[in-house]
Amino acid sequence: MARRPRELDEDDVRSRANPRGTRPRSKQRPAHENAVDGMVVAVDRGRYLVLADEPQATGGTEVMAMRARELGRKSIVVGDRVGVVGTIDDSPDALVRIVRLDERDTVLRRTADDSDEHERVIVANADQLLIVSALADPEPSYGFIDRCLVAALAAGIEPVLCLTKSDLAPPQPVIERYAALDVPSVVMRRGGPLDEVRDLLTGHVSVLVGHSGVGKSTLINALVPTADRATGRVSAIGKGRHTSSSAVALRLPDVDGWVVDTPGVRSFGLAHVSPDDLLWAFPDLEDGANRCPRGCEHLAAEDGCTLDAWVAEGHSTPDRLAAFRQLLVSR
Ligand code: ZN
């Protein structure tokens, strides 16, 4: 009896669960009309933690999931909206199958690194990138902030500056540096209230990114008091060896909204971003770049780039030009 390959997959999974094959098989079920909507909240080596049923509301049930073979090699990442089939309940050994991967609104990539030469999608469907930077201890890293701003733009995600430790240094220098970009910002002091940042996060799926020591973990733990417990559940997916660079989605208590922590993700990939798109983060250079010869790589005056002259005319500053070129060469 000829069957299409994906029906074979279906039957294969069933026959293991039901070796005698006494359950009647239906051939008319490839569309999975009865699949339940869910959102992937954590991933580890082929296992997925999915919040099923009502992922966007306050309800839902967390279930462990594996991918159905019919999905092929498509990657599934945190934030993906999926359809799952199987028994959805709280029992610890419940295992459902992801049979559908919905189209993504946005994708955020991390950079290639020493262990992996490819940029990888780490978060899908986020609509906000909260760039967490301390005002002092450690000093703001403008190179990192610039990179995050461009990555957010490239991904179609709204960036927000979250400036911490305002009890140590004033926020004005950072805010003024990015004033022309019209990026919202929130300023926080250590131990201060969270109302403003919680308001900014409500109704959004926000990825939080920041260097160590800037207060990102403190902020996440304050916003989501059960964050440690959730991370513990994630560790259980990979039998206690959760890869440190994986993202984890955490639902904000009491309000509609998610924060996605990105431990171990040091930066976001920009290899797919063109020099012209990079200029979005440098409006003080953009008009100058328009005077450059067509196809200018903006790297050096010797090659015809007019940006050094633009800076010399006082439209921008040498450190802004250096920051732009640093991003260009480190993509
Ligand atoms: Zn140029």
# chains A, B, ... in the order shown; residues from 1 in each chain; ligands from 1
$ residues_around --residues "Glu196 of chain A" --least-positions-apart "2" --cutoff "12 Å" --atoms "only C-alpha atoms" --output "list in words"
Cys162, Pro184, Ser185, Val186, Val187, Met188, Arg189, Gly192, Pro193, Leu194, Arg198, Asp199, Leu200, Leu201, Thr202 and Leu223 of chain A
$ closest_atom_pairs --of "chain A" --to "ligand 1" --cutoff "6 Å" --atoms "only C-alpha atoms and all ligand atoms" --output "Markdown table"
| residue | atom | partner | partner_atom_place_in_ligand_line | distance |
| --- | --- | --- | --- | --- |
| A:Ala289 | CA | ligand 1 | 1 (Zn) | 5.3 |
| A:Cys292 | CA | ligand 1 | 1 (Zn) | 4.6 |
| A:Cys296 | CA | ligand 1 | 1 (Zn) | 4.7 |
| A:Glu297 | CA | ligand 1 | 1 (Zn) | 5.7 |
| A:His298 | CA | ligand 1 | 1 (Zn) | 3.3 |
| A:Cys305 | CA | ligand 1 | 1 (Zn) | 3.5 |
| A:Thr306 | CA | ligand 1 | 1 (Zn) | 5.3 |
| A:Leu307 | CA | ligand 1 | 1 (Zn) | 5.6 |
$ atom_distance --atom1 "atom CA of Asn34 of chain A" --atom2 "atom CA of Asp90 of chain A"
19.3 Å
$ closest_residue --among "A:Val214, A:Ala124, A:Ala68, A:Ala112" --to "Arg100 of chain A" --atoms "only C-alpha atoms"
A:Ala68
$ atom_distance --atom1 "atom CA of Phe324 of chain A" --atom2 "atom CA of Asp284 of chain A"
10.6 Å
